[in-house]
file run_25.txt (compact mmCIF, C-alpha atoms)
# COMPACT_ATOMS: atom_id res chain seq x y z
CA MET C 753 -1.23 8.42 -0.68
CA LEU C 754 0.96 5.56 -1.94
CA PHE C 755 -0.01 4.22 -5.35
CA GLU C 756 2.17 1.11 -4.98
CA PRO C 757 3.33 0.97 -1.37
CA ARG C 758 6.70 -0.65 -0.72
CA SER C 759 5.02 -2.51 2.13
CA GLY C 760 2.70 -4.05 -0.43
CA ARG C 761 5.57 -5.37 -2.54
CA LEU C 762 7.34 -6.74 0.53
CA ALA C 763 4.20 -8.44 1.83
CA ALA C 764 3.08 -9.84 -1.53
CA TRP C 765 6.40 -11.33 -2.59
CA GLY C 766 7.33 -12.22 0.98
CA ASN C 767 4.10 -14.22 1.23
CA ALA C 768 4.86 -15.96 -2.07
CA LEU C 769 8.34 -16.86 -0.80
CA LEU C 770 7.06 -18.10 2.56
CA ALA C 771 4.52 -20.26 0.69
CA GLY C 772 7.26 -21.75 -1.49
CA LEU C 773 5.82 -20.30 -4.70
CA VAL C 774 8.85 -18.23 -5.77
CA SER C 775 12.60 -18.37 -5.28
CA PRO C 776 14.40 -16.00 -2.88
CA ASP C 777 16.07 -14.22 -5.81
CA GLU C 778 12.74 -13.65 -7.59
CA ALA C 779 11.12 -12.37 -4.41
CA VAL C 780 13.93 -9.95 -3.59
CA LEU C 781 14.13 -8.56 -7.15
CA SER C 782 10.37 -7.93 -7.13
CA ILE C 783 10.42 -6.30 -3.69
CA VAL C 784 13.31 -3.97 -4.50
CA GLY C 785 11.83 -2.97 -7.86
CA GLU C 786 13.45 0.23 -9.11
CA ASP C 787 15.07 1.03 -5.77
CA ALA C 788 18.82 0.54 -5.41
CA VAL C 789 18.89 -1.59 -2.28
CA HIS C 790 16.72 -2.75 0.64
CA ARG C 791 18.13 -3.85 4.00
CA VAL C 792 16.60 -4.83 7.34
CA ALA C 793 17.84 -3.36 10.63
CA GLY C 794 17.06 -4.51 14.17
CA LEU C 795 16.35 -8.11 13.22
CA PRO C 796 16.63 -10.39 16.29
CA GLY C 797 20.04 -12.07 16.31
CA GLU C 798 21.61 -9.59 13.90
CA ALA C 799 23.76 -6.72 15.16
CA GLU C 800 23.94 -5.00 11.76
CA PRO C 801 21.47 -4.44 8.91
CA VAL C 802 21.12 -7.47 6.63
CA GLY C 803 19.86 -8.11 3.13
CA LEU C 804 16.30 -9.12 2.33
CA THR C 805 17.14 -12.74 1.52
CA LEU C 806 18.68 -13.32 4.94
CA ALA C 807 15.98 -11.26 6.66
CA LEU C 808 13.07 -13.18 5.14
CA GLY C 809 14.76 -16.48 6.00
CA ARG C 810 15.36 -15.34 9.56
CA LEU C 811 11.73 -14.19 9.94
CA ARG C 812 10.58 -17.63 8.80
CA GLY C 813 12.86 -19.17 11.40
CA LEU C 814 11.34 -16.91 14.05
CA GLY C 815 7.88 -18.27 13.23
CA ALA C 816 6.58 -15.88 10.58
CA SER C 817 4.10 -17.68 8.33
CA GLY C 818 2.82 -14.64 6.46
CA LEU C 819 2.99 -10.87 6.10
CA ARG C 820 0.25 -8.25 6.34
CA ILE C 821 0.47 -4.55 5.54
CA ALA C 822 -0.73 -1.44 7.34
CA LEU C 823 -1.40 1.93 5.69
CA PRO C 824 -2.19 4.25 8.61
CA ALA C 825 -3.12 7.92 8.36
CA PRO C 826 -3.82 10.49 11.09
CA GLY C 827 -6.94 9.37 12.94
CA HIS C 828 -7.06 6.06 11.05
CA PRO C 829 -4.66 3.34 12.32
CA LEU C 830 -5.49 1.06 9.37
CA GLY C 831 -3.91 -2.39 9.78
CA LEU C 832 -2.12 -1.62 13.04
CA SER C 833 -2.45 -3.46 16.35
CA GLY C 834 0.14 -1.70 18.56
CA PRO C 835 2.11 -1.09 20.63
CA PRO C 836 2.12 2.74 20.50
CA GLU C 837 5.82 2.91 19.60
CA PHE C 838 5.36 0.79 16.49
CA ASN C 839 2.14 2.59 15.55
CA ALA C 840 3.90 5.97 15.77
CA ARG C 841 6.74 4.84 13.49
CA ALA C 842 4.29 3.32 11.02
CA LEU C 843 2.16 6.46 11.00
CA GLU C 844 5.22 8.60 10.29
CA ALA C 845 6.15 6.34 7.35
CA GLU C 846 2.48 5.96 6.31
CA GLU C 847 3.01 2.21 5.89
CA ALA C 848 4.34 -0.91 7.60
CA VAL C 849 4.48 -4.70 7.35
CA VAL C 850 3.32 -6.90 10.23
CA CYS C 851 4.41 -10.53 10.56
CA VAL C 852 1.88 -13.30 11.14
CA GLY C 853 3.15 -15.87 13.64
CA ALA C 854 5.95 -13.66 14.97
CA ALA C 855 5.44 -10.54 17.07
CA LEU C 856 7.50 -8.37 14.75
CA GLY C 857 6.82 -5.57 12.30
CA LEU C 858 8.83 -3.72 9.66
CA VAL C 859 8.71 0.04 9.00
CA PRO C 860 10.54 1.50 5.97
CA GLU C 861 12.93 4.43 6.08
CA VAL C 862 13.49 5.72 2.54
CA THR C 863 16.57 7.73 1.57
CA GLU C 864 16.97 9.47 -1.79
CA ALA C 865 20.21 10.88 -3.18
CA GLY C 866 21.39 12.23 -6.50
CA PRO C 867 20.19 14.71 -9.12
CA ALA C 868 16.76 14.68 -10.73
CA GLY C 869 16.53 11.90 -13.27
CA ASP C 870 19.26 9.88 -11.55
CA VAL C 871 17.94 9.46 -8.02
CA HIS C 872 19.43 6.65 -5.94
CA VAL C 873 16.81 5.23 -3.54
CA SER C 874 17.78 3.03 -0.61
CA VAL C 875 15.38 1.55 1.94
CA VAL C 876 16.06 0.37 5.48
CA TRP C 877 13.27 -1.67 7.05
CA HIS C 878 13.35 -1.22 10.82
CA CYS C 879 12.28 -4.39 12.64
CA LEU C 880 10.30 -3.64 15.80
CA PRO C 881 8.12 -5.55 18.29
CA VAL C 882 4.38 -5.56 17.60
CA ARG C 883 1.34 -6.62 19.58
CA GLU C 884 -0.26 -9.85 18.37
CA ALA C 885 -3.87 -8.73 17.95
CA PRO C 886 -6.39 -8.30 15.10
CA PRO C 887 -5.40 -5.41 12.80
CA ALA C 888 -7.54 -2.27 12.90
CA ASP C 889 -10.33 -1.61 10.37
CA VAL C 890 -9.26 -4.06 7.63
CA PRO C 891 -12.23 -5.03 5.40
CA SER C 892 -12.82 -8.29 3.57
CA LEU C 893 -12.18 -8.37 -0.19
CA GLY C 894 -15.91 -8.39 -0.86
CA GLU C 895 -16.53 -5.39 1.37
CA ALA C 896 -13.61 -3.52 -0.18
CA GLU C 897 -14.85 -4.22 -3.71
CA ARG C 898 -18.33 -2.88 -2.92
CA GLU C 899 -16.89 0.26 -1.33
CA LEU C 900 -14.62 0.83 -4.35
CA ALA C 901 -17.44 0.58 -6.88
CA GLU C 902 -19.25 3.41 -5.11
CA ALA C 903 -16.03 5.42 -4.65
CA LEU C 904 -15.26 5.22 -8.38
CA ARG C 905 -18.65 6.70 -9.21
CA GLU C 906 -18.24 9.45 -6.64
CA ALA C 907 -14.66 10.21 -7.73
CA THR C 908 -15.74 10.74 -11.34
CA VAL C 909 -18.46 13.16 -10.26
CA VAL C 910 -16.12 15.06 -7.92
CA LEU C 911 -13.35 15.38 -10.51
CA THR C 912 -15.83 16.73 -13.03
CA ARG C 913 -17.30 19.20 -10.55
CA LEU C 914 -13.85 20.42 -9.52
CA ASP C 915 -12.85 20.85 -13.16
CA VAL C 916 -9.64 18.85 -12.69
CA ALA C 917 -9.31 18.24 -16.42
CA GLY C 918 -9.25 22.01 -16.92
CA SER C 919 -6.44 22.59 -14.45
CA GLY C 920 -3.64 22.57 -17.00
CA PRO C 921 -1.55 20.25 -19.18
CA VAL C 922 -0.09 18.25 -16.26
CA ALA C 923 -3.54 17.42 -14.93
CA GLU C 924 -4.77 16.59 -18.42
CA ALA C 925 -1.84 14.21 -18.99
CA ALA C 926 -2.46 12.50 -15.65
CA LEU C 927 -6.16 12.16 -16.42
CA SER C 928 -5.32 10.63 -19.82
CA ALA C 929 -3.00 8.16 -18.09
CA TYR C 930 -5.82 7.25 -15.71
CA ARG C 931 -8.22 6.63 -18.58
CA ALA C 932 -5.69 4.43 -20.38
CA ARG C 933 -5.15 2.39 -17.22
CA ALA C 934 -8.88 2.05 -16.65
CA GLU C 935 -9.40 0.79 -20.21
CA ALA C 936 -6.53 -1.70 -19.91
CA GLY C 937 -8.10 -3.35 -16.87
CA PRO C 938 -6.28 -5.34 -14.16
CA SER C 939 -2.91 -6.90 -14.83
CA ASP C 940 -2.18 -10.52 -13.88
CA GLY C 941 1.23 -9.36 -12.65
CA ALA C 942 -0.23 -6.87 -10.17
CA LEU C 943 0.28 -9.29 -7.29
CA ALA C 944 2.63 -12.16 -6.53
CA PRO C 945 1.74 -15.85 -7.06
CA GLY C 946 -0.66 -17.24 -4.47
CA TYR C 947 -3.15 -14.36 -4.49
CA PRO C 948 -6.80 -14.92 -5.46
CA ALA C 949 -8.05 -13.36 -8.71
CA ARG C 950 -10.45 -11.17 -6.76
CA ALA C 951 -7.50 -9.58 -4.96
CA VAL C 952 -5.96 -8.58 -8.30
CA ARG C 953 -9.25 -6.97 -9.29
CA VAL C 954 -9.64 -5.13 -5.98
CA LEU C 955 -6.04 -3.91 -6.12
CA SER C 956 -6.54 -2.53 -9.62
CA LEU C 957 -9.73 -0.73 -8.61
CA ALA C 958 -8.08 0.68 -5.48
CA GLN C 959 -5.17 1.99 -7.54
CA ARG C 960 -7.60 3.71 -9.92
CA VAL C 961 -9.36 5.48 -7.07
CA ASP C 962 -5.98 6.34 -5.53
CA LEU C 963 -4.78 7.84 -8.81
CA MET C 964 -7.94 9.91 -9.21
CA VAL C 965 -7.69 11.24 -5.66
CA SER C 966 -3.99 12.06 -6.14
CA LEU C 967 -4.82 13.81 -9.40
CA ALA C 968 -7.44 15.94 -7.68
CA TYR C 969 -5.06 16.89 -4.87
CA GLU C 970 -2.10 17.64 -7.14
CA SER C 971 -3.91 19.59 -9.87
CA GLY C 972 -3.99 22.84 -7.94
CA HIS C 973 -7.29 24.60 -7.38
CA GLY C 974 -8.88 23.48 -10.64
CA GLY C 975 -12.41 24.84 -10.64
CA ALA C 976 -12.32 25.34 -6.87
CA VAL C 977 -11.38 29.00 -6.58
CA SER C 978 -12.84 30.03 -3.22
CA SER C 979 -11.81 28.85 0.24
CA SER C 980 -15.21 27.22 0.70
CA GLU C 981 -14.85 25.34 -2.58
CA MET C 982 -11.34 24.23 -1.61
CA ALA C 983 -12.70 22.95 1.70
CA ALA C 984 -15.47 21.13 -0.17
CA ARG C 985 -12.83 19.52 -2.38
CA ALA C 986 -10.94 18.15 0.64
CA GLU C 987 -14.17 16.99 2.27
CA ALA C 988 -15.24 15.15 -0.90
CA LEU C 989 -11.88 13.47 -1.47
CA ARG C 990 -11.18 12.33 2.10
CA PRO C 991 -13.64 9.40 2.19
CA MET C 992 -12.46 8.19 -1.24
CA GLU C 993 -8.87 8.19 -0.05
CA ARG C 994 -9.88 6.17 3.02
CA VAL C 995 -11.76 3.62 0.88
CA ALA C 996 -8.77 3.22 -1.44
CA ARG C 997 -6.37 2.63 1.45
CA ARG C 998 -8.70 0.07 3.05
CA ALA C 999 -8.97 -1.77 -0.25
CA LEU C 1000 -5.21 -1.80 -0.82
CA VAL C 1001 -4.72 -3.36 2.61
CA ALA C 1002 -7.46 -5.94 1.96
CA ALA C 1003 -5.90 -6.91 -1.38
CA TYR C 1004 -2.33 -7.27 -0.14
CA ASN C 1005 -3.45 -9.12 3.01
CA SER C 1006 -5.77 -11.52 1.20
CA ALA C 1007 -3.19 -14.29 0.67
CA VAL C 1008 -2.76 -14.58 4.43
CA GLU C 1009 -6.52 -14.37 5.01
CA GLU C 1010 -7.17 -17.12 2.44
CA ARG C 1011 -4.62 -19.45 4.07
CA GLU C 1012 -6.02 -18.83 7.55
CA ARG C 1013 -9.58 -19.54 6.39
CA GLY C 1014 -8.42 -22.78 4.78
CA ARG C 1015 -6.93 -24.14 7.99
call {"tool": "encode", "arguments": {"input": "run_25.txt", "output": "structure tokens"}}
result
Amino acid sequence: MLFEPRSGRLAAWGNALLAGLVSPDEAVLSIVGEDAVHRVAGLPGEAEPVGLTLALGRLRGLGASGLRIALPAPGHPLGLSGPPEFNARALEAEEAVVCVGAALGLVPEVTEAGPAGDVHVSVVWHCLPVREAPPADVPSLGEAERELAEALREATVVLTRLDVAGSGPVAEAALSAYRARAEAGPSDGALAPGYPARAVRVLSLAQRVDLMVSLAYESGHGGAVSSSEMAARAEALRPMERVARRALVAAYNSAVEERERGR
């Protein structure tokens, strides 16, 4: 799963820009992050791909008042509302951004080039029509926070039972990094300006669960040496992964939800 989805950065800083809380330059720098370049293709009125600054301005002109994210997985169209063509593209990318106020969505296509240690990453966001309907299975912040508290307890038990910490030096280093992050607590810079404090907290918790699930998947067999134990591992981790994705969507979408409730 995606620890910091690109759709989350685009939605968070795009929402801050649309709300007039940051400058276009600040928003674009934060969205691009460590990538080399982001462009938007298929934008209405534009024959060629354009930069993010122009794209966000054009989306505002087309009626977009906010941005939501979707993090779909097979059998779980989280945050999507259709049509099937957009859903299929979003599912393939495992993420998407959906405009509020304009029937458009953005799906990233990521290209990597160059040797290890010097990888050049470029992103093209494909702009496609979407159906204006409530997104699928997105919880409230309160619901997501309650689910995460339980998932954190379960994840700790599962990791211990699967002996992830005994899976080798890579797993041990990742587990140490998780513990350091957990002790540090949420960062005020985890989301863009305009997000409620609870969203920052939920995002931090979701990222912790996400990291623990990723650690369990990537650490090899750990203590699970038989096929039945490996199946039990997948069965135990699947609901935690789902909870983390739901919470990430709730956190990144909360700025839009807050504004809509205030109207």
call {"tool": "closest_residue", "arguments": {"input": "run_25.txt", "among": "C:Gly946, C:Gly869, C:Pro824, C:Gly815", "to": "Val1001 in chain C", "atoms": "all atoms listed in the file"}}
result
C:Pro824
call {"tool": "closest_residue", "arguments": {"input": "run_25.txt", "among": "C:Glu800, C:Asp889, C:Glu884, C:Glu897", "to": "Ala1003 in chain C", "atoms": "all atoms listed in the file"}}
result
C:Glu897
call {"tool": "residues_around", "arguments": {"input": "run_25.txt", "residues": "range 837-851 of chain C", "least_positions_apart": "2", "cutoff": "9 Å", "atoms": "only C-alpha atoms", "output": "count of residues only"}}
result
42
call {"tool": "atom_distance", "arguments": {"input": "run_25.txt", "atom1": "CA of Arg761 in chain C", "atom2": "CA of Glu864 in chain C"}}
result
18.7 Å
call {"tool": "closest_residue", "arguments": {"input": "run_25.txt", "among": "C:Val876, C:Tyr947, C:Ala771, C:Ala986", "to": "Gly803 in chain C", "atoms": "all atoms listed in the file"}}
result
C:Val876
call {"tool": "closest_residue", "arguments": {"input": "run_25.txt", "among": "C:Leu957, C:Leu804, C:Leu967, C:Val1008", "to": "Glu902 in chain C", "atoms": "only C-alpha atoms"}}
result
C:Leu957
call {"tool": "residues_near_point", "arguments": {"input": "run_25.txt", "point": "(-11.9, 8.4, -0.7)", "cutoff": "10 Å", "atoms": "all atoms listed in the file", "output": "number ranges by chain"}}
result
C: 899-900, 902-904, 906-907, 958, 961-962, 964-965, 986-998
call {"tool": "atom_distance", "arguments": {"input": "run_25.txt", "atom1": "CA of Ile783 in chain C", "atom2": "CA of Trp765 in chain C"}}
result
6.5 Å
call {"tool": "atom_distance", "arguments": {"input": "run_25.txt", "atom1": "CA of Ala788 in chain C", "atom2": "CA of Ser874 in chain C"}}
result
5.5 Å
call {"tool": "closest_residue", "arguments": {"input": "run_25.txt", "among": "C:Ala901, C:Ala951, C:Leu830, C:Leu769", "to": "Pro887 in chain C", "atoms": "all atoms listed in the file"}}
result
C:Leu830
call {"tool": "closest_residue", "arguments": {"input": "run_25.txt", "among": "C:Val952, C:Leu795, C:Ala999, C:Val890", "to": "Arg812 in chain C", "atoms": "all atoms listed in the file"}}
result
C:Leu795
call {"tool": "residues_around", "arguments": {"input": "run_25.txt", "residues": "Arg950 in chain C", "least_positions_apart": "2", "cutoff": "12 Å", "atoms": "only C-alpha atoms", "output": "list of chain:residue names"}}
result
C:Ser892, C:Leu893, C:Gly894, C:Glu895, C:Ala896, C:Glu897, C:Pro938, C:Ser939, C:Asp940, C:Ala942, C:Leu943, C:Gly946, C:Tyr947, C:Pro948, C:Val952, C:Arg953, C:Val954, C:Leu955, C:Ser956, C:Leu957, C:Ala999, C:Ala1002, C:Ala1003, C:Tyr1004, C:Ser1006, C:Ala1007, C:Glu1010
